[in-house]
Every structure is written in C-alpha cells, then in structure tokens.
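Engineer: Got a structure for you, run.pdb, holding PDB, C-alpha atoms, pLDDT in the B column.
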ATOM      1  CA  MET A  27      30.255  -9.946   5.771  1.00 34.00           C
ATOM      2  CA  MET A  28      27.920  -9.742   2.749  1.00 37.00           C
ATOM      3  CA  ARG A  29      25.425  -6.927   2.859  1.00 45.00           C
ATOM      4  CA  ASN A  30      22.679  -5.958   0.448  1.00 49.00           C
ATOM      5  CA  ASN A  31      22.005  -2.589  -1.176  1.00 50.00           C
ATOM      6  CA  ILE A  32      20.549  -0.868   1.862  1.00 52.00           C
ATOM      7  CA  CYS A  33      23.780  -1.588   3.708  1.00 59.00           C
ATOM      8  CA  GLN A  34      25.800  -0.129   0.856  1.00 51.00           C
ATOM      9  CA  LYS A  35      24.235   3.324   1.092  1.00 42.00           C
ATOM     10  CA  HIS A  36      22.037   2.961  -2.000  1.00 46.00           C
ATOM     11  CA  PHE A  37      19.473   5.602  -1.104  1.00 47.00           C
ATOM     12  CA  VAL A  38      17.264   6.858  -3.948  1.00 47.00           C
ATOM     13  CA  LEU A  39      15.104   9.850  -4.774  1.00 49.00           C
ATOM     14  CA  PRO A  40      11.331   9.439  -4.299  1.00 52.00           C
ATOM     15  CA  ILE A  41      10.756   9.967  -8.042  1.00 55.00           C
ATOM     16  CA  LEU A  42      12.667   6.741  -8.783  1.00 56.00           C
ATOM     17  CA  PHE A  43      10.511   4.874  -6.307  1.00 55.00           C
ATOM     18  CA  TYR A  44       7.387   6.403  -7.854  1.00 57.00           C
ATOM     19  CA  ILE A  45       8.437   5.281 -11.340  1.00 61.00           C
ATOM     20  CA  SER A  46       9.085   1.763 -10.056  1.00 59.00           C
ATOM     21  CA  VAL A  47       5.663   1.507  -8.429  1.00 57.00           C
ATOM     22  CA  VAL A  48       3.930   2.868 -11.536  1.00 60.00           C
ATOM     23  CA  LEU A  49       5.632   0.139 -13.591  1.00 60.00           C
ATOM     24  CA  VAL A  50       4.386  -2.485 -11.133  1.00 58.00           C
ATOM     25  CA  LEU A  51       0.844  -1.115 -11.312  1.00 57.00           C
ATOM     26  CA  VAL A  52       0.927  -1.112 -15.120  1.00 59.00           C
ATOM     27  CA  SER A  53       2.177  -4.699 -15.082  1.00 57.00           C
ATOM     28  CA  PHE A  54      -0.593  -5.646 -12.651  1.00 53.00           C
ATOM     29  CA  LYS A  55      -3.229  -4.056 -14.909  1.00 56.00           C
ATOM     30  CA  LYS A  56      -1.911  -5.816 -18.019  1.00 51.00           C
ATOM     31  CA  THR A  57      -1.797  -9.183 -16.274  1.00 49.00           C
ATOM     32  CA  ASN A  58      -5.284  -8.698 -14.890  1.00 50.00           C
ATOM     33  CA  ALA A  59      -6.631  -7.541 -18.276  1.00 49.00           C
ATOM     34  CA  ALA A  60      -5.240 -10.642 -19.968  1.00 41.00           C
ATOM     35  CA  TYR A  61      -6.665 -12.785 -17.200  1.00 40.00           C
ATOM     36  CA  ARG A  62     -10.077 -11.150 -17.590  1.00 43.00           C
ATOM     37  CA  GLY A  63      -9.985 -11.616 -21.342  1.00 38.00           C
ATOM     38  CA  HIS A  64      -9.306 -15.316 -20.888  1.00 36.00           C
ATOM     39  CA  GLN A  65     -12.069 -15.700 -18.358  1.00 37.00           C
ATOM     40  CA  ASN A  66     -14.650 -13.788 -20.394  1.00 39.00           C
ATOM     41  CA  GLY A  67     -14.569 -16.654 -22.879  1.00 35.00           C
ATOM     42  CA  GLY A  68     -15.167 -19.220 -20.169  1.00 39.00           C
ATOM     43  CA  ALA A  69     -17.371 -19.786 -17.189  1.00 46.00           C
ATOM     44  CA  GLY A  70     -15.896 -17.062 -15.016  1.00 55.00           C
ATOM     45  CA  ASN A  71     -16.985 -13.401 -14.920  1.00 67.00           C
ATOM     46  CA  HIS A  72     -18.272 -13.454 -11.342  1.00 77.00           C
ATOM     47  CA  LYS A  73     -19.762 -10.309  -9.865  1.00 87.00           C
ATOM     48  CA  CYS A  74     -18.266  -8.830  -6.749  1.00 91.00           C
ATOM     49  CA  ILE A  75     -18.798 -10.305  -3.290  1.00 95.00           C
ATOM     50  CA  ASP A  76     -21.646  -8.637  -1.378  1.00 94.00           C
ATOM     51  CA  LYS A  77     -19.679  -8.127   1.832  1.00 95.00           C
ATOM     52  CA  GLU A  78     -16.790  -6.586  -0.117  1.00 97.00           C
ATOM     53  CA  ARG A  79     -19.170  -4.198  -1.901  1.00 96.00           C
ATOM     54  CA  ASP A  80     -20.591  -3.181   1.484  1.00 95.00           C
ATOM     55  CA  ALA A  81     -17.062  -2.659   2.826  1.00 96.00           C
ATOM     56  CA  LEU A  82     -16.219  -0.413  -0.148  1.00 97.00           C
ATOM     57  CA  LEU A  83     -19.326   1.659   0.540  1.00 96.00           C
ATOM     58  CA  HIS A  84     -18.212   1.850   4.171  1.00 96.00           C
ATOM     59  CA  PHE A  85     -14.817   3.078   2.940  1.00 97.00           C
ATOM     60  CA  LYS A  86     -16.553   5.717   0.804  1.00 97.00           C
ATOM     61  CA  ALA A  87     -18.546   6.923   3.835  1.00 97.00           C
ATOM     62  CA  TYR A  88     -15.248   7.921   5.474  1.00 97.00           C
ATOM     63  CA  ILE A  89     -14.242  10.093   2.497  1.00 98.00           C
ATOM     64  CA  HIS A  90     -15.347  13.681   3.155  1.00 96.00           C
ATOM     65  CA  GLN A  91     -14.065  15.261  -0.056  1.00 97.00           C
ATOM     66  CA  ASP A  92     -13.913  13.745  -3.539  1.00 98.00           C
ATOM     67  CA  PRO A  93     -13.391  16.762  -5.823  1.00 97.00           C
ATOM     68  CA  TYR A  94     -12.730  14.718  -8.973  1.00 96.00           C
ATOM     69  CA  GLY A  95     -15.520  12.216  -8.436  1.00 96.00           C
ATOM     70  CA  LEU A  96     -13.269   9.161  -8.200  1.00 96.00           C
ATOM     71  CA  LEU A  97     -15.919   7.391  -6.142  1.00 97.00           C
ATOM     72  CA  SER A  98     -18.939   8.609  -8.105  1.00 95.00           C
ATOM     73  CA  THR A  99     -19.609   5.112  -9.464  1.00 95.00           C
ATOM     74  CA  TRP A 100     -19.525   3.608  -5.977  1.00 96.00           C
ATOM     75  CA  THR A 101     -23.252   3.380  -5.330  1.00 93.00           C
ATOM     76  CA  ASN A 102     -25.854   0.965  -4.047  1.00 87.00           C
ATOM     77  CA  GLU A 103     -28.261   1.778  -6.853  1.00 85.00           C
ATOM     78  CA  GLU A 104     -29.700  -1.301  -8.524  1.00 73.00           C
ATOM     79  CA  GLU A 105     -28.010  -0.750 -11.890  1.00 73.00           C
ATOM     80  CA  ALA A 106     -24.552  -0.316 -10.317  1.00 80.00           C
ATOM     81  CA  THR A 107     -24.360  -2.958  -7.609  1.00 86.00           C
ATOM     82  CA  ASP A 108     -21.455  -4.856  -9.214  1.00 93.00           C
ATOM     83  CA  CYS A 109     -18.477  -3.226  -7.481  1.00 95.00           C
ATOM     84  CA  CYS A 110     -16.102  -4.901  -9.932  1.00 95.00           C
ATOM     85  CA  LYS A 111     -17.260  -2.284 -12.446  1.00 94.00           C
ATOM     86  CA  TRP A 112     -16.639   0.645 -10.126  1.00 96.00           C
ATOM     87  CA  SER A 113     -13.819   3.036 -10.943  1.00 95.00           C
ATOM     88  CA  GLY A 114     -10.527   2.133  -9.269  1.00 96.00           C
ATOM     89  CA  VAL A 115     -11.679  -1.392  -8.394  1.00 97.00           C
ATOM     90  CA  THR A 116     -10.188  -4.553  -9.887  1.00 96.00           C
ATOM     91  CA  CYS A 117     -11.599  -8.027  -9.230  1.00 96.00           C
ATOM     92  CA  ASN A 118     -10.620 -11.613  -9.815  1.00 95.00           C
ATOM     93  CA  ASN A 119     -12.955 -12.775 -12.561  1.00 92.00           C
ATOM     94  CA  ARG A 120     -13.095 -16.343 -11.255  1.00 93.00           C
ATOM     95  CA  THR A 121     -14.020 -15.506  -7.688  1.00 95.00           C
ATOM     96  CA  GLY A 122     -15.335 -11.938  -7.724  1.00 95.00           C
ATOM     97  CA  HIS A 123     -12.967 -10.950  -4.896  1.00 97.00           C
ATOM     98  CA  VAL A 124     -11.497  -7.457  -4.995  1.00 97.00           C
ATOM     99  CA  THR A 125      -7.790  -7.667  -5.870  1.00 97.00           C
ATOM    100  CA  GLY A 126      -6.934  -4.020  -6.519  1.00 97.00           C
ATOM    101  CA  LEU A 127      -7.909  -0.574  -5.247  1.00 97.00           C
ATOM    102  CA  GLU A 128      -6.236   2.207  -7.240  1.00 96.00           C
ATOM    103  CA  LEU A 129      -7.394   5.667  -6.148  1.00 97.00           C
ATOM    104  CA  ARG A 130      -4.336   7.819  -6.755  1.00 94.00           C
ATOM    105  CA  ASP A 131      -4.263  11.550  -7.580  1.00 95.00           C
ATOM    106  CA  GLY A 132      -7.804  12.307  -6.460  1.00 95.00           C
ATOM    107  CA  ASN A 133      -7.284  14.818  -3.628  1.00 97.00           C
ATOM    108  CA  LEU A 134      -9.476  12.576  -1.515  1.00 98.00           C
ATOM    109  CA  GLU A 135      -9.915  13.736   2.076  1.00 98.00           C
ATOM    110  CA  GLY A 136     -10.862  11.417   4.895  1.00 98.00           C
ATOM    111  CA  GLN A 137      -9.574   8.318   6.634  1.00 97.00           C
ATOM    112  CA  ILE A 138      -9.275   4.598   6.015  1.00 97.00           C
ATOM    113  CA  PRO A 139     -11.910   2.849   8.160  1.00 96.00           C
ATOM    114  CA  ASP A 140     -11.011  -0.254  10.108  1.00 95.00           C
ATOM    115  CA  CYS A 141     -12.740  -2.683   7.738  1.00 93.00           C
ATOM    116  CA  LEU A 142      -9.866  -4.134   5.732  1.00 95.00           C
ATOM    117  CA  TRP A 143     -10.499  -7.698   6.934  1.00 94.00           C
ATOM    118  CA  HIS A 144     -13.009  -7.982   4.089  1.00 95.00           C
ATOM    119  CA  PHE A 145     -10.239  -7.735   1.474  1.00 97.00           C
ATOM    120  CA  LYS A 146      -8.092 -10.790   2.091  1.00 96.00           C
ATOM    121  CA  GLU A 147      -7.476 -11.208  -1.673  1.00 97.00           C
ATOM    122  CA  LEU A 148      -6.291  -7.624  -2.190  1.00 97.00           C
ATOM    123  CA  ILE A 149      -2.984  -7.424  -4.078  1.00 97.00           C
ATOM    124  CA  VAL A 150      -2.638  -3.687  -4.775  1.00 96.00           C
ATOM    125  CA  LEU A 151      -3.706  -0.810  -2.504  1.00 97.00           C
ATOM    126  CA  SER A 152      -2.740   2.465  -4.169  1.00 96.00           C
ATOM    127  CA  LEU A 153      -3.925   5.658  -2.452  1.00 97.00           C
ATOM    128  CA  GLY A 154      -1.045   8.004  -3.222  1.00 96.00           C
ATOM    129  CA  HIS A 155      -1.319  11.746  -3.896  1.00 96.00           C
ATOM    130  CA  ASN A 156      -4.426  12.362  -1.786  1.00 98.00           C
ATOM    131  CA  ASN A 157      -5.121  14.103   1.522  1.00 98.00           C
ATOM    132  CA  LEU A 158      -6.024  11.057   3.585  1.00 98.00           C
ATOM    133  CA  SER A 159      -5.210  11.303   7.276  1.00 98.00           C
ATOM    134  CA  GLY A 160      -5.297   9.439  10.562  1.00 97.00           C
ATOM    135  CA  ARG A 161      -3.604   6.195  11.512  1.00 97.00           C
ATOM    136  CA  LEU A 162      -3.404   3.065   9.422  1.00 97.00           C
ATOM    137  CA  PRO A 163      -6.106   0.691  10.706  1.00 96.00           C
ATOM    138  CA  THR A 164      -5.021  -2.424  12.569  1.00 95.00           C
ATOM    139  CA  SER A 165      -7.166  -4.524  10.224  1.00 96.00           C
ATOM    140  CA  ILE A 166      -4.421  -4.090   7.633  1.00 97.00           C
ATOM    141  CA  LYS A 167      -3.058  -7.342   9.077  1.00 96.00           C
ATOM    142  CA  TYR A 168      -5.725  -9.233   7.127  1.00 97.00           C
ATOM    143  CA  LEU A 169      -4.274  -8.140   3.771  1.00 97.00           C
ATOM    144  CA  ILE A 170      -2.168 -11.276   3.622  1.00 97.00           C
ATOM    145  CA  ASN A 171      -1.933 -11.246  -0.190  1.00 97.00           C
ATOM    146  CA  LEU A 172      -0.986  -7.575  -0.481  1.00 97.00           C
ATOM    147  CA  GLU A 173       2.039  -6.985  -2.727  1.00 96.00           C
ATOM    148  CA  VAL A 174       1.887  -3.210  -3.323  1.00 96.00           C
ATOM    149  CA  LEU A 175       1.040  -0.599  -0.675  1.00 97.00           C
ATOM    150  CA  TYR A 176       1.365   2.892  -2.136  1.00 96.00           C
ATOM    151  CA  LEU A 177       0.458   5.725   0.255  1.00 97.00           C
ATOM    152  CA  TYR A 178       2.848   8.422  -0.988  1.00 94.00           C
ATOM    153  CA  LYS A 179       1.972  12.059  -0.245  1.00 95.00           C
ATOM    154  CA  ASN A 180      -0.910  11.925   2.202  1.00 97.00           C
ATOM    155  CA  ASN A 181      -1.280  13.015   5.835  1.00 97.00           C
ATOM    156  CA  PHE A 182      -1.207   9.651   7.587  1.00 98.00           C
ATOM    157  CA  SER A 183       0.204   9.854  11.098  1.00 97.00           C
ATOM    158  CA  GLY A 184       1.133   7.834  14.154  1.00 96.00           C
ATOM    159  CA  GLU A 185       3.391   4.827  14.438  1.00 96.00           C
ATOM    160  CA  LEU A 186       3.352   2.120  11.807  1.00 95.00           C
ATOM    161  CA  PRO A 187       0.937  -0.525  13.107  1.00 94.00           C
ATOM    162  CA  LEU A 188       2.507  -3.774  14.258  1.00 96.00           C
ATOM    163  CA  SER A 189      -0.206  -5.554  12.296  1.00 95.00           C
ATOM    164  CA  LEU A 190       1.480  -4.471   9.040  1.00 97.00           C
ATOM    165  CA  LYS A 191       4.109  -7.150   9.622  1.00 97.00           C
ATOM    166  CA  ASN A 192       1.478  -9.756   8.669  1.00 97.00           C
ATOM    167  CA  CYS A 193       1.593  -8.496   5.071  1.00 98.00           C
ATOM    168  CA  THR A 194       4.520 -10.757   4.285  1.00 97.00           C
ATOM    169  CA  LYS A 195       3.934 -10.771   0.510  1.00 97.00           C
ATOM    170  CA  LEU A 196       4.691  -7.057   0.179  1.00 97.00           C
ATOM    171  CA  THR A 197       7.227  -6.209  -2.531  1.00 96.00           C
ATOM    172  CA  PHE A 198       6.624  -2.439  -2.792  1.00 95.00           C
ATOM    173  CA  LEU A 199       6.041  -0.353   0.323  1.00 96.00           C
ATOM    174  CA  GLU A 200       5.787   3.410  -0.273  1.00 94.00           C
ATOM    175  CA  LEU A 201       4.981   5.438   2.846  1.00 95.00           C
ATOM    176  CA  GLY A 202       6.849   8.621   1.918  1.00 92.00           C
ATOM    177  CA  VAL A 203       5.695  12.226   2.456  1.00 93.00           C
ATOM    178  CA  ASN A 204       3.341  11.592   5.350  1.00 96.00           C
ATOM    179  CA  ASN A 205       3.506  12.258   9.094  1.00 96.00           C
ATOM    180  CA  PHE A 206       4.329   8.800  10.405  1.00 96.00           C
ATOM    181  CA  SER A 207       6.315   8.930  13.638  1.00 95.00           C
ATOM    182  CA  GLY A 208       8.088   6.776  16.210  1.00 93.00           C
ATOM    183  CA  TYR A 209      11.007   4.454  15.637  1.00 92.00           C
ATOM    184  CA  VAL A 210      11.555   2.773  12.295  1.00 92.00           C
ATOM    185  CA  PRO A 211      10.244  -0.715  13.147  1.00 95.00           C
ATOM    186  CA  ASP A 212      12.816  -3.518  13.162  1.00 94.00           C
ATOM    187  CA  TRP A 213      10.082  -6.003  12.149  1.00 96.00           C
ATOM    188  CA  ILE A 214      10.239  -4.556   8.614  1.00 96.00           C
ATOM    189  CA  GLY A 215      13.529  -6.389   8.230  1.00 95.00           C
ATOM    190  CA  GLY A 216      12.366  -9.471  10.076  1.00 94.00           C
ATOM    191  CA  ASN A 217       8.976 -10.025   8.434  1.00 97.00           C
ATOM    192  CA  LEU A 218       8.747  -8.229   5.095  1.00 97.00           C
ATOM    193  CA  LEU A 219      11.554 -10.209   3.501  1.00 96.00           C
ATOM    194  CA  GLY A 220      10.138  -9.983  -0.021  1.00 96.00           C
ATOM    195  CA  LEU A 221      10.477  -6.192  -0.252  1.00 95.00           C
ATOM    196  CA  TYR A 222      12.017  -5.001  -3.518  1.00 92.00           C
ATOM    197  CA  ALA A 223      11.415  -1.290  -2.830  1.00 91.00           C
ATOM    198  CA  LEU A 224      10.912   0.572   0.447  1.00 92.00           C
ATOM    199  CA  SER A 225      10.385   4.298   0.941  1.00 91.00           C
ATOM    200  CA  LEU A 226       9.995   5.988   4.319  1.00 91.00           C
ATOM    201  CA  THR A 227      11.128   9.416   3.157  1.00 89.00           C
ATOM    202  CA  SER A 228       9.798  12.716   4.588  1.00 91.00           C
ATOM    203  CA  ASN A 229       8.140  11.478   7.762  1.00 93.00           C
ATOM    204  CA  ASN A 230       8.761  12.110  11.471  1.00 93.00           C
ATOM    205  CA  PHE A 231      10.643   8.966  12.432  1.00 91.00           C
ATOM    206  CA  PHE A 232      13.356   9.220  15.053  1.00 87.00           C
ATOM    207  CA  GLY A 233      16.052   7.059  16.570  1.00 84.00           C
ATOM    208  CA  THR A 234      18.083   4.825  14.277  1.00 84.00           C
ATOM    209  CA  ILE A 235      17.519   2.862  11.117  1.00 85.00           C
ATOM    210  CA  PRO A 236      17.546  -0.684  12.553  1.00 89.00           C
ATOM    211  CA  LEU A 237      20.200  -3.108  11.410  1.00 89.00           C
ATOM    212  CA  GLN A 238      17.450  -5.660  10.826  1.00 91.00           C
ATOM    213  CA  LEU A 239      16.761  -3.899   7.525  1.00 91.00           C
ATOM    214  CA  CYS A 240      19.977  -5.488   6.296  1.00 89.00           C
ATOM    215  CA  GLN A 241      18.056  -8.772   6.203  1.00 92.00           C
ATOM    216  CA  LEU A 242      16.076  -7.475   3.202  1.00 93.00           C
ATOM    217  CA  THR A 243      18.232  -9.271   0.677  1.00 92.00           C
ATOM    218  CA  ASN A 244      15.766  -8.618  -2.185  1.00 92.00           C
ATOM    219  CA  LEU A 245      15.720  -4.864  -1.598  1.00 91.00           C
ATOM    220  CA  GLN A 246      16.898  -2.851  -4.590  1.00 87.00           C
ATOM    221  CA  ILE A 247      15.410   0.602  -3.878  1.00 84.00           C
ATOM    222  CA  PHE A 248      15.443   2.339  -0.502  1.00 85.00           C
ATOM    223  CA  GLY A 249      14.259   5.916   0.036  1.00 81.00           C
ATOM    224  CA  PHE A 250      14.867   7.665   3.329  1.00 79.00           C
ATOM    225  CA  VAL A 251      15.163  11.421   3.811  1.00 71.00           C
ATOM    226  CA  ASN A 252      13.577  12.251   7.151  1.00 67.00           C
ATOM    227  CA  LYS A 253      11.923  15.436   8.460  1.00 66.00           C
ATOM    228  CA  GLN A 254      13.638  14.795  11.788  1.00 62.00           C
ATOM    229  CA  SER A 255      17.262  13.962  12.494  1.00 51.00           C
ATOM    230  CA  ILE A 256      17.894  10.242  12.650  1.00 52.00           C
ATOM    231  CA  TRP A 257      21.013   8.216  13.317  1.00 47.00           C
ATOM    232  CA  ILE A 258      22.187   5.674  10.754  1.00 48.00           C
ATOM    233  CA  HIS A 259      24.266   2.859  12.210  1.00 45.00           C
ATOM    234  CA  PRO A 260      27.745   2.879  10.614  1.00 42.00           C
ATOM    235  CA  LEU A 261      27.710  -0.942  10.314  1.00 43.00           C
ATOM    236  CA  MET A 262      25.051  -0.559   7.620  1.00 47.00           C
ATOM    237  CA  PHE A 263      27.677   0.876   5.300  1.00 39.00           C
ATOM    238  CA  GLU A 264      30.417  -1.654   5.900  1.00 46.00           C
TER
END
Represent the structure from my file as structure tokens, please.
Structural biologist:
Amino acid sequence: MMRNNICQKHFVLPILFYISVVLVLVSFKKTNAAYRGHQNGGAGNHKCIDKERDALLHFKAYIHQDPYGLLSTWTNEEEATDCCKWSGVTCNNRTGHVTGLELRDGNLEGQIPDCLWHFKELIVLSLGHNNLSGRLPTSIKYLINLEVLYLYKNNFSGELPLSLKNCTKLTFLELGVNNFSGYVPDWIGGNLLGLYALSLTSNNFFGTIPLQLCQLTNLQIFGFVNKQSIWIHPLMFE
C-alpha cells in the first residue's frame, strides 16, 4: 500500500515548520504587492469594506494588552477609516476585502471574538507568538478561502472546532505550542486534503493519531510532539 510522508514517520521540528510558513507569508506579500502595483495604475484601489472595518474594531476590543502598539492604527478616527492602510491588514485592491491579517510577535493578550464570518475573502490569518487565549470561534467555518492559519505559541485551549473542517483551502496549519485538547480530529484527513504542512506539536491531545491523516497526500511537513502521551498506530509507518 502506498503511503505519504506522514505514514513514513517524517516528523519535523517546529522551527522547520516556522521557516516554511514564513516563506509562504513572504510569497503572499510579494504577490499582493505586485497585484497592488498593477491595480494602482488602473481603476482599482478600493477602500476597505465598512462591515469588515467594524469587525476589525470588534476584534481589537477583545485585545486587552498590546504592548508594542500593533493595533495603534486601528481607529475609527476620520483620517484613518480605511482599514486597508492599518498595520497588519492586507486587502484586495479590486474589491477592498480583507485578505490577510498578520499580527505575529506582538505579545497581544485577549481572545478572538466570534465575528469571523465577515472575512470570507481572508487568505492568511497569522497570529503566532502572542498570548491569545480561549477557544477558536465557531465562525472560523466562514473562512472558506483561508490558506494559512498560523497560531503558533499562544494559549488557545479546548477541542479543535468542527467548523474548521470547512476551511478546505488550507495548505499550512500551525497550531503548535498551545493548550488544545481532546482527540486529534479524523476530519483533518478527510476534509483538509490540500494541507502541505501541519503542526500540532506541544498541545494536550490524547488518544491516537487517526489513520485518516494518511489521506493527506500533499502533506510534506508534519510536526507532532505532544505534552501528553499519545498512541501512534503502527500501520502509519508501514
């Protein structure tokens, strides 16, 4: 039987996963910059969508600590109402929809509010290296265009929401160094078939790594070193 990398014991260190995600984010920025440059010469250059700006301000309201001022430009003042110009926010210049939120390394404290249905065009959500906590909101299911979810080194907890399986365009999923718990969901292997890199390392999962993860035929990088003991099915290494 043919099996992909995860079934051949190709586990990797979190630093390799981090490097891979950084490369994806750099590529995303370059592509978006070129796209913006093209549109600036045309009829594009739309400002952000009002309801998305309001949702970002709602997100900011749930952040209790922002020691480095990452969200200092997020304001409703008249001269700064275009959220596409806010720090950490990337927009599609043709439509004005938010396509990227990159708020890494800010020591942000707070939670993600359940308002993600406003960001259906979001491609990158990068919140790694903060102190965010709580459960992932169920409205994550509306991020149907999400390709990169980077939550490394926070304090998120609880089981992975079933609604995450709707994010079928995900290629990079980094959930390492948090406090997620419960069983490793088998729907990761059944629904997130486009995953290139997956990291669940340093959480509180228990049980077994489901054989369904062997269906991730595009997976090249898999990180899993758990805080708790977990059983790995021997068939995964055949």
Engineer: Which residues are near Gly202 in chain A? Cut-off 6 Å, all atoms listed in the file, ignore same chain within fewer than 5 positions. Put them as number ranges by chain.
Structural biologist: A: 178, 225-228
Engineer: Using only C-alpha atoms, please write the residues we just selected to a file, as a short mmCIF file (atom, residue, chain, number, x, y, z; two decimals), keeping the file's coordinate frame.
Structural biologist:
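Heads up, here's the output in out-v2.cif:
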data_model
loop_
_atom_site.label_atom_id
_atom_site.label_comp_id
_atom_site.auth_asym_id
_atom_site.auth_seq_id
_atom_site.Cartn_x
_atom_site.Cartn_y
_atom_site.Cartn_z
CA TYR A 178 2.85 8.42 -0.99
CA SER A 225 10.38 4.30 0.94
CA LEU A 226 9.99 5.99 4.32
CA THR A 227 11.13 9.42 3.16
CA SER A 228 9.80 12.72 4.59
#
Engineer: Taking into account all atoms listed in the file, which residue in the set A:Gly154, A:Gly249, A:Gly122, A:Pro139 is nearest to Leu83 in chain A?
Structural biologist: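 Using all atoms listed in the file, Leu83 in chain A sits closest to A:Pro139.
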Engineer: For Asn244 in chain A, find every residue with an atom within 9 Å (counting all atoms listed in the file), except residues of its own chain fewer than 2 positions away, and show them as a VMD selection string.
Structural biologist: chain A and resid 30 to 31 197 219 to 223 241 to 242 246
Engineer: Of the candidates A:Thr243, A:Gln238, A:Thr116, A:Thr107, which one gets nearest to Glu147 in chain A if we count only C-alpha atoms?
Structural biologist: A:Thr116
Engineer: Between CA of Pro211 in chain A and CA of Pro236 in chain A, measure the distance and give it in Å to one decimal.
Structural biologist: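 Going from CA of Pro211 in chain A over to CA of Pro236 in chain A, I get 7.3 Å.
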Engineer: Calculate how many Å separate CA of Thr234 in chain A from CA of Gly208 in chain A, rounding to one decimal.
Structural biologist: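 Spanning CA of Thr234 in chain A to CA of Gly208 in chain A is a straight-line distance of 10.4 Å.
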Engineer: Can you give me, as a ChimeraX atom specification, the residues this file yields under the PyMOL selection byres ((chain A and resi 75) around 9)?
Structural biologist: /A:72-74,76-80,108-110,121-124
Engineer: Between CA of Ser165 in chain A and CA of Tyr88 in chain A, what is the distance, to one decimal in Å?
Structural biologist: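 Answer for the CA of Ser165 in chain A to CA of Tyr88 in chain A separation: 15.6 Å.
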Engineer: Which residue out of A:Leu153, A:Ile138, A:Leu201, A:Leu172 has the minimum interatomic distance to Glu185 in chain A when only C-alpha atoms are used?
Structural biologist: A:Leu201
Engineer: Near His155 in chain A, counting all atoms listed in the file, which residues have an atom at most 10 Å away, once you skip same-chain residues fewer than 6 positions from it, shown as a list in words?
Structural biologist: Leu129, Arg130, Asp131, Gly132, Asn133, Leu134, Tyr176, Leu177, Tyr178, Lys179, Asn180, Asn181 and Val203 of chain A
Engineer: A:Leu199, A:Leu127, A:Leu218, A:Leu162: which is nearest Lys111 in chain A, counting only C-alpha atoms?
Structural biologist: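 Closest residue, counting only C-alpha atoms: A:Leu127.
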Engineer: Here is a test: counting only C-alpha atoms, which residue of A:Gly114, A:Leu237, A:Gly184, A:Thr164 is nearest to Gly215 in chain A?
Structural biologist: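 Distance minimum relative to Gly215 in chain A lands on A:Leu237.
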